[in-house]
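Have a look at the structure below, then the notes.
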Amino acid sequence: MNTLAAILVQFFELLAALLLAPLLTGWVNQCRAWLQNKTAPPMMLPFRQYAKLLEKEAVLANNVSSLFRMAPYIIFACMALASMIVPTLSSSLMLAPAADAIALVGLFALARIFIALAGMDIGTAFGSLGARREMLIGFLAEPALLMVFFTASLISKSTSLSTMVEALGQRGFIVYPSLAFAGVAFTMVALAENARIPVDNPTTHLELTMIHEAMILEYSGRHLALIECAVALKLYVYFCLGVALFVPWGIPEGADLLNLLQALPLLLLKLAVGGFLLALIETISAKMRVFRAPEFLGTAFMLAVLGMLVHLLLETGK
Amino acid sequence: MTATLPISAQIINLLAAAMLLLAFAMVSQRRIISLINLFMAQGAVLCASTLVVAISTGQSHLYGSALITLVLKVILLPWILHRLIHRLNVRWDIETLINIPMTMIIGILLVIFSFNLALPISELAGTITRSTLGIAIASVMLSTLMMITRSKAVPQVIGFLSMENGLFFAATSATYGMPMVVELGIALDVLVGTVILGVFFFQIRDKFESLDIRHLEKLREDQ
């Protein structure tokens, strides 16, 4: 593989992620507003928010440690790196041999630990409350996510995301019942991890049931902009993971520019449909009690395990 | 490998997976109306899989059993059950004897057990649908689990009906269906059974002012 081309593809992936992630967030918000009969905010709103926040001064409490200042940069870096690992425009990526699906879960965990530590660092009641809940959700969601990856890697015989995409999407159409289970489990994990409605409400501020917002209440200015951008990137990465694992058709193998340009409209279409479906789920379901979340994620874990079992029964050795 | 399977077998595998998913959803479902809807969906999946087996193998009597499934399990029985709970006025959440996460863990163990059980049998079978036998056994086991863990009468009856679904699925997947006479007999049995159990519901409720089956365990009038 040509190294220069691989670096170029990697660069385009990152660029696409940084541009598309806020647009995706804007699109989901817009769809949700339409579905709820509200006037929709423009799709570019997240960009304007970042610009506004970057202009503002970052206010810090007197008792913050350096961890609180560092955390937004680390979280943003984790999510940017995660967006480079997931194959979106091409499956031949420079970073693919270095980081597989398990490393990706590790990246998410690193970001989660830092955001939880930053939430507790400030010493407010809301911060530590949010951090505890985040860790509760995280420790239940992580094994389920890993099981989803294991199901896909049992099928493709590799934990590398690029190999998974090649095995699932570029070798003809085969129905995998185990992936149906994994898909449902992945959707549930994605809803929980991205602080979406059955588990957490992304639009709430100052509500006793909030999880994600509780941790970042004390952030302002450029720190908040970075965190908001990281949240948008995380949503984008989860969407791309869903695309890569469950609808990978159309992600080309080669690493030249023409392939990338062909893959882009298809990716946009998949993201648009996915974003609409997310808005639909958020509109038709009600937020659960916090203590229902373990049951929700336990179901996700169980479904992912069932996916593996079904794979072993139906799809091997015949 | 999977790549060599014909498309009809792949569809049947997918429907089998949906069957298992629905069985799990029923075990973990708290609300009685959703339970009936899930039962209806299970009937629809069963009907579709029977139809696919019928088309791919050319067994004409399977069209008949698909039709019976459609009429009985997708339309008639759910309608009777909806009417029953409407007249009994039991819309409250179902209380389970074991909490739901625990039930699901037991459910996974049951699935592993039945997959192991089915493995030697399906190696002997020569039908295109042999690998779904494990899932059929697992659905039967899960319905049994549902009957055990629920204390109210209506969910137990739904568990019983869903167990019959699982058995029917086992029959289609292992042997391409039973003879028509047997199928008609079972269909009638299930229908009559539901009607009789419906009458029982009213009797139980009149006697104990509740549909909790545990009342039936007491033999004496007092306490």
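Chain labels run A, B, ... following the order of the structure tokens; each chain numbers its residues from 1, and ligands are numbered from 1 in the order shown.
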Taking 5 positions as the minimum chain separation for residues in the same chain, which residues sit within 10 Å of Phe181 (chain A) when counting only C-alpha atoms? Answer as a list in words. Val148, Thr151, Tyr176, Phe186, Ala300, Met302, Leu303, Ala304, Val305, Leu306, Gly307, Met308, Val310 and His311 of chain A; Ala17, Ala18, Leu20 and Leu21 of chain B
Counting only C-alpha atoms, give me one row per residue of chain B with an atom at most 8 Å from an atom of chain A, showing the shortest contact pair and its distance in Å to one decimal, sorted by chain then residue number, as JSON lines.
{"residue": "B:Met1", "atom": "CA", "partner": "A:Lys318", "partner_atom": "CA", "distance": 5.5}
{"residue": "B:Thr2", "atom": "CA", "partner": "A:Glu315", "partner_atom": "CA", "distance": 5.5}
{"residue": "B:Ala3", "atom": "CA", "partner": "A:Ile174", "partner_atom": "CA", "distance": 6.9}
{"residue": "B:Gln10", "atom": "CA", "partner": "A:Val175", "partner_atom": "CA", "distance": 5.9}
{"residue": "B:Ile11", "atom": "CA", "partner": "A:Val175", "partner_atom": "CA", "distance": 7.3}
{"residue": "B:Asn13", "atom": "CA", "partner": "A:Pro177", "partner_atom": "CA", "distance": 6.4}
{"residue": "B:Leu14", "atom": "CA", "partner": "A:Pro177", "partner_atom": "CA", "distance": 4.7}
{"residue": "B:Ala17", "atom": "CA", "partner": "A:Pro177", "partner_atom": "CA", "distance": 5.8}
{"residue": "B:Leu21", "atom": "CA", "partner": "A:Phe181", "partner_atom": "CA", "distance": 7.6}
{"residue": "B:Ile100", "atom": "CA", "partner": "A:Glu295", "partner_atom": "CA", "distance": 7.8}
{"residue": "B:Pro101", "atom": "CA", "partner": "A:Glu295", "partner_atom": "CA", "distance": 6.2}
{"residue": "B:Met104", "atom": "CA", "partner": "A:Met302", "partner_atom": "CA", "distance": 7.4}
{"residue": "B:Ile105", "atom": "CA", "partner": "A:Met302", "partner_atom": "CA", "distance": 7.6}
{"residue": "B:Ile108", "atom": "CA", "partner": "A:Leu306", "partner_atom": "CA", "distance": 7.3}
{"residue": "B:Ile112", "atom": "CA", "partner": "A:Leu309", "partner_atom": "CA", "distance": 7.4}
{"residue": "B:Phe115", "atom": "CA", "partner": "A:Leu313", "partner_atom": "CA", "distance": 6.9}
{"residue": "B:Ser131", "atom": "CA", "partner": "A:Leu314", "partner_atom": "CA", "distance": 5.7}
{"residue": "B:Thr132", "atom": "CA", "partner": "A:Leu314", "partner_atom": "CA", "distance": 7.1}
{"residue": "B:Gly134", "atom": "CA", "partner": "A:Leu313", "partner_atom": "CA", "distance": 7.7}
Those same residues, written as a tab-separated table (two decimals), in the first residue's frame with N, CA and C atoms?
chain	number	residue	atom	x	y	z
B	1	MET	N	-19.45	-23.33	5.46
B	1	MET	CA	-19.52	-21.90	5.76
B	1	MET	C	-20.85	-21.31	5.29
B	2	THR	N	-21.12	-20.12	5.76
B	2	THR	CA	-22.38	-19.47	5.46
B	2	THR	C	-22.51	-19.15	3.97
B	3	ALA	N	-21.36	-18.90	3.36
B	3	ALA	CA	-21.40	-18.45	1.97
B	3	ALA	C	-22.06	-19.49	1.06
B	10	GLN	N	-30.82	-18.77	4.46
B	10	GLN	CA	-30.38	-17.57	5.18
B	10	GLN	C	-31.57	-16.81	5.75
B	11	ILE	N	-32.65	-16.72	4.94
B	11	ILE	CA	-33.84	-16.01	5.43
B	11	ILE	C	-34.42	-16.75	6.63
B	13	ASN	N	-32.81	-18.65	8.72
B	13	ASN	CA	-31.94	-18.39	9.87
B	13	ASN	C	-32.25	-17.04	10.49
B	14	LEU	N	-32.47	-16.04	9.62
B	14	LEU	CA	-32.77	-14.70	10.12
B	14	LEU	C	-34.09	-14.70	10.90
B	17	ALA	N	-33.64	-16.24	14.21
B	17	ALA	CA	-33.04	-15.30	15.14
B	17	ALA	C	-34.09	-14.33	15.67
B	21	LEU	N	-35.27	-13.60	19.48
B	21	LEU	CA	-35.29	-12.22	19.98
B	21	LEU	C	-36.66	-11.92	20.61
B	100	ILE	N	-36.17	-8.92	36.55
B	100	ILE	CA	-36.02	-9.18	35.12
B	100	ILE	C	-34.57	-9.42	34.69
B	101	PRO	N	-33.57	-8.66	35.18
B	101	PRO	CA	-32.20	-9.00	34.77
B	101	PRO	C	-31.82	-10.43	35.12
B	104	MET	N	-33.27	-12.78	32.73
B	104	MET	CA	-32.60	-12.80	31.43
B	104	MET	C	-31.30	-13.61	31.50
B	105	ILE	N	-30.62	-13.54	32.65
B	105	ILE	CA	-29.39	-14.35	32.78
B	105	ILE	C	-29.76	-15.84	32.75
B	108	ILE	N	-30.32	-16.75	29.19
B	108	ILE	CA	-29.10	-16.99	28.40
B	108	ILE	C	-28.58	-18.40	28.67
B	112	ILE	N	-27.97	-21.43	25.98
B	112	ILE	CA	-26.73	-22.21	25.82
B	112	ILE	C	-27.05	-23.70	25.96
B	115	PHE	N	-28.92	-24.96	22.88
B	115	PHE	CA	-28.05	-25.03	21.70
B	115	PHE	C	-27.19	-26.28	21.77
B	131	SER	N	-30.30	-26.19	11.38
B	131	SER	CA	-29.58	-25.45	12.42
B	131	SER	C	-30.52	-24.61	13.28
B	132	THR	N	-31.77	-24.44	12.84
B	132	THR	CA	-32.69	-23.63	13.64
B	132	THR	C	-33.34	-24.43	14.76
B	134	GLY	N	-32.04	-25.69	17.40
B	134	GLY	CA	-31.59	-25.18	18.70
B	134	GLY	C	-32.41	-23.98	19.12
Could you please determine the separation between CA of Ser65 (chain B) and CA of Asn37 (chain B) in Å, to one decimal place?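 Computing the Euclidean distance for CA of Ser65 (chain B) and CA of Asn37 (chain B) yields 21.2 Å.
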Would you please give, as an NGL selection string, all residues of region 59-175 of chain B that DSSP assigns to strand (DSSP E or B) based on the backbone? :B and (93 or 96 or 150 or 152)
Residue contacts of Ala16 (chain A) (10 Å, only C-alpha atoms) excluding same-chain residues fewer than 5 positions away, as a list in words: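 Residues meeting the cut-off are Gln10, Phe11, Ala21, Ser83, Met84, Thr88, Leu89 and Leu264 of chain A.
Remark: for Asp200 (chain A), the closest of the candidate residues A:Gly130, A:Pro22, A:Gly169, A:Gly221 is A:Gly130 (distances computed over only C-alpha atoms).
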Residues near Val53 (chain B), anyone? I mean within 8 Å using only C-alpha atoms, not counting same-chain ones fewer than 5 positions away, as a PyMOL selection string. chain B and resi 8+12+58-59+62+172+176
Now that the selection is made, can you save its residues with C-alpha atoms as a PDB file, in the first residue's frame?
ATOM      1  CA  SER B   8     -33.896 -19.292   1.559  1.00  0.00           C
ATOM      2  CA  ILE B  12     -34.998 -18.866   7.651  1.00  0.00           C
ATOM      3  CA  GLY B  58     -42.274 -27.303  -2.435  1.00  0.00           C
ATOM      4  CA  GLN B  59     -44.142 -29.024   0.405  1.00  0.00           C
ATOM      5  CA  LEU B  62     -46.966 -26.242   4.602  1.00  0.00           C
ATOM      6  CA  THR B 172     -41.182 -27.055  10.796  1.00  0.00           C
ATOM      7  CA  TYR B 176     -40.831 -29.849   7.490  1.00  0.00           C
TER       8      TYR B 176
END
Neighbours of Ala6 (chain A) within 12 Å (only C-alpha atoms; same-chain residues fewer than 4 positions away dropped), as a list in words?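 In the requested format, the answer is Met1, Asn2, Gln10, Phe11, Phe12, Glu13, Met84, Leu89, Ser90, Ser91, Ser92, Leu93, Met94, Leu95, Ala96, Pro97, Glu253, Gly254, Ala255, Asp256, Leu257 and Leu260 of chain A.
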Generate a file of the selected residues that holds N, CA and C atoms, formatted as a PDB file, in the first residue's frame.
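Saved to out.pdb:
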ATOM      1  N   MET A   1       0.846  -1.202   0.000  1.00  0.00           N
ATOM      2  CA  MET A   1       0.000   0.000   0.000  1.00  0.00           C
ATOM      3  C   MET A   1       0.880   1.249   0.000  1.00  0.00           C
ATOM      4  N   ASN A   2       0.499   2.193  -0.787  1.00  0.00           N
ATOM      5  CA  ASN A   2       1.239   3.441  -0.869  1.00  0.00           C
ATOM      6  C   ASN A   2       1.076   4.249   0.423  1.00  0.00           C
ATOM      7  N   GLN A  10      -6.127   9.210   5.441  1.00  0.00           N
ATOM      8  CA  GLN A  10      -6.300   9.442   6.877  1.00  0.00           C
ATOM      9  C   GLN A  10      -6.634  10.904   7.151  1.00  0.00           C
ATOM     10  N   PHE A  11      -5.943  11.770   6.448  1.00  0.00           N
ATOM     11  CA  PHE A  11      -6.172  13.204   6.612  1.00  0.00           C
ATOM     12  C   PHE A  11      -7.593  13.581   6.193  1.00  0.00           C
ATOM     13  N   PHE A  12      -8.040  12.984   5.064  1.00  0.00           N
ATOM     14  CA  PHE A  12      -9.393  13.282   4.596  1.00  0.00           C
ATOM     15  C   PHE A  12     -10.452  12.768   5.569  1.00  0.00           C
ATOM     16  N   GLU A  13     -10.168  11.614   6.141  1.00  0.00           N
ATOM     17  CA  GLU A  13     -11.118  11.060   7.125  1.00  0.00           C
ATOM     18  C   GLU A  13     -11.291  12.028   8.291  1.00  0.00           C
ATOM     19  N   MET A  84     -10.522   8.806  13.468  1.00  0.00           N
ATOM     20  CA  MET A  84      -9.556   8.404  12.450  1.00  0.00           C
ATOM     21  C   MET A  84      -9.453   6.884  12.339  1.00  0.00           C
ATOM     22  N   LEU A  89     -14.568   6.525   4.800  1.00  0.00           N
ATOM     23  CA  LEU A  89     -14.466   6.790   3.368  1.00  0.00           C
ATOM     24  C   LEU A  89     -13.666   5.721   2.644  1.00  0.00           C
ATOM     25  N   SER A  90     -12.778   5.048   3.366  1.00  0.00           N
ATOM     26  CA  SER A  90     -11.984   3.994   2.751  1.00  0.00           C
ATOM     27  C   SER A  90     -11.562   3.040   3.858  1.00  0.00           C
ATOM     28  N   SER A  91     -11.374   1.760   3.496  1.00  0.00           N
ATOM     29  CA  SER A  91     -11.013   0.818   4.546  1.00  0.00           C
ATOM     30  C   SER A  91      -9.505   0.616   4.630  1.00  0.00           C
ATOM     31  N   SER A  92      -8.735   1.256   3.726  1.00  0.00           N
ATOM     32  CA  SER A  92      -7.286   1.148   3.882  1.00  0.00           C
ATOM     33  C   SER A  92      -6.771   2.417   4.540  1.00  0.00           C
ATOM     34  N   LEU A  93      -6.623   2.329   5.858  1.00  0.00           N
ATOM     35  CA  LEU A  93      -6.241   3.495   6.635  1.00  0.00           C
ATOM     36  C   LEU A  93      -4.844   3.271   7.198  1.00  0.00           C
ATOM     37  N   MET A  94      -4.145   4.387   7.389  1.00  0.00           N
ATOM     38  CA  MET A  94      -2.793   4.279   7.915  1.00  0.00           C
ATOM     39  C   MET A  94      -2.811   3.745   9.347  1.00  0.00           C
ATOM     40  N   LEU A  95      -3.812   4.173  10.124  1.00  0.00           N
ATOM     41  CA  LEU A  95      -3.842   3.796  11.530  1.00  0.00           C
ATOM     42  C   LEU A  95      -4.443   2.412  11.756  1.00  0.00           C
ATOM     43  N   ALA A  96      -5.001   1.805  10.716  1.00  0.00           N
ATOM     44  CA  ALA A  96      -5.708   0.542  10.899  1.00  0.00           C
ATOM     45  C   ALA A  96      -4.849  -0.557  11.536  1.00  0.00           C
ATOM     46  N   PRO A  97      -3.567  -0.732  11.133  1.00  0.00           N
ATOM     47  CA  PRO A  97      -2.797  -1.787  11.795  1.00  0.00           C
ATOM     48  C   PRO A  97      -2.480  -1.462  13.251  1.00  0.00           C
ATOM     49  N   GLU A 253     -12.288  -0.145  -0.954  1.00  0.00           N
ATOM     50  CA  GLU A 253     -11.080  -0.711  -0.377  1.00  0.00           C
ATOM     51  C   GLU A 253      -9.850   0.132  -0.718  1.00  0.00           C
ATOM     52  N   GLY A 254      -9.839   0.636  -1.934  1.00  0.00           N
ATOM     53  CA  GLY A 254      -8.665   1.348  -2.410  1.00  0.00           C
ATOM     54  C   GLY A 254      -8.492   2.703  -1.741  1.00  0.00           C
ATOM     55  N   ALA A 255      -7.323   3.286  -1.946  1.00  0.00           N
ATOM     56  CA  ALA A 255      -7.019   4.536  -1.260  1.00  0.00           C
ATOM     57  C   ALA A 255      -6.771   5.676  -2.233  1.00  0.00           C
ATOM     58  N   ASP A 256      -7.465   5.716  -3.355  1.00  0.00           N
ATOM     59  CA  ASP A 256      -7.235   6.890  -4.201  1.00  0.00           C
ATOM     60  C   ASP A 256      -8.399   7.867  -4.139  1.00  0.00           C
ATOM     61  N   LEU A 257      -8.131   9.063  -4.623  1.00  0.00           N
ATOM     62  CA  LEU A 257      -9.022  10.194  -4.389  1.00  0.00           C
ATOM     63  C   LEU A 257     -10.408   9.989  -5.000  1.00  0.00           C
ATOM     64  N   LEU A 260     -12.659   8.003  -2.821  1.00  0.00           N
ATOM     65  CA  LEU A 260     -13.136   8.801  -1.689  1.00  0.00           C
ATOM     66  C   LEU A 260     -14.323   9.645  -2.105  1.00  0.00           C
TER      67      LEU A 260
END
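Every protein, DNA or RNA residue with an atom at most 9 Å from Leu197 (chain B), where only C-alpha atoms count and chain neighbours fewer than 4 positions away do not, is listed here: B:Ala153, B:Val154, B:Val157, B:Val192, B:Gly193, B:Phe201, B:Phe202.
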Grab the residues selected above and save them as an mmCIF file, in the first residue's frame with C-alpha atoms.
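Dumped everything to again.cif:
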data_model
loop_
_atom_site.group_PDB
_atom_site.id
_atom_site.type_symbol
_atom_site.label_atom_id
_atom_site.label_comp_id
_atom_site.auth_asym_id
_atom_site.auth_seq_id
_atom_site.Cartn_x
_atom_site.Cartn_y
_atom_site.Cartn_z
ATOM 1 C CA ALA B 153 -52.868 -15.926 34.958
ATOM 2 C CA VAL B 154 -52.909 -13.982 31.668
ATOM 3 C CA VAL B 157 -51.502 -18.331 29.217
ATOM 4 C CA VAL B 192 -60.405 -24.152 22.615
ATOM 5 C CA GLY B 193 -57.768 -24.047 25.368
ATOM 6 C CA PHE B 201 -59.898 -16.172 34.325
ATOM 7 C CA PHE B 202 -63.355 -14.891 35.235
#
Write out as a VMD selection string which residues come within 9 Å of Ile122 (chain A) when counting only C-alpha atoms, dropping same-chain ones fewer than 6 positions away. chain A and resid 61 63 to 65 68 128 218
Which of A:Trp34, A:Tyr236, A:Phe149, A:Phe291 sits closest to Ala80 (chain A) [using only C-alpha atoms]: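 Closest candidate: A:Tyr236.
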Quote the spacing between CA of Met178 (chain B) and CA of Met19 (chain B) in Å to one decimal place.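 For CA of Met178 (chain B) relative to CA of Met19 (chain B), the distance reads 19.5 Å.
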Could you state the separation of CA of Ala116 (chain A) and CA of Val237 (chain A) in Å, given to one decimal place? 20.1 Å
Nearest residue to Ala293 (chain A) out of A:Thr209, A:Thr163, A:Ser158, A:Ser153, using only C-alpha atoms? A:Thr209
From the set B:Ile137, B:Ala54, B:Thr175, B:Gln156, which residue has the shortest atom-to-atom contact distance to Leu124 (chain B), counting only C-alpha atoms? B:Thr175
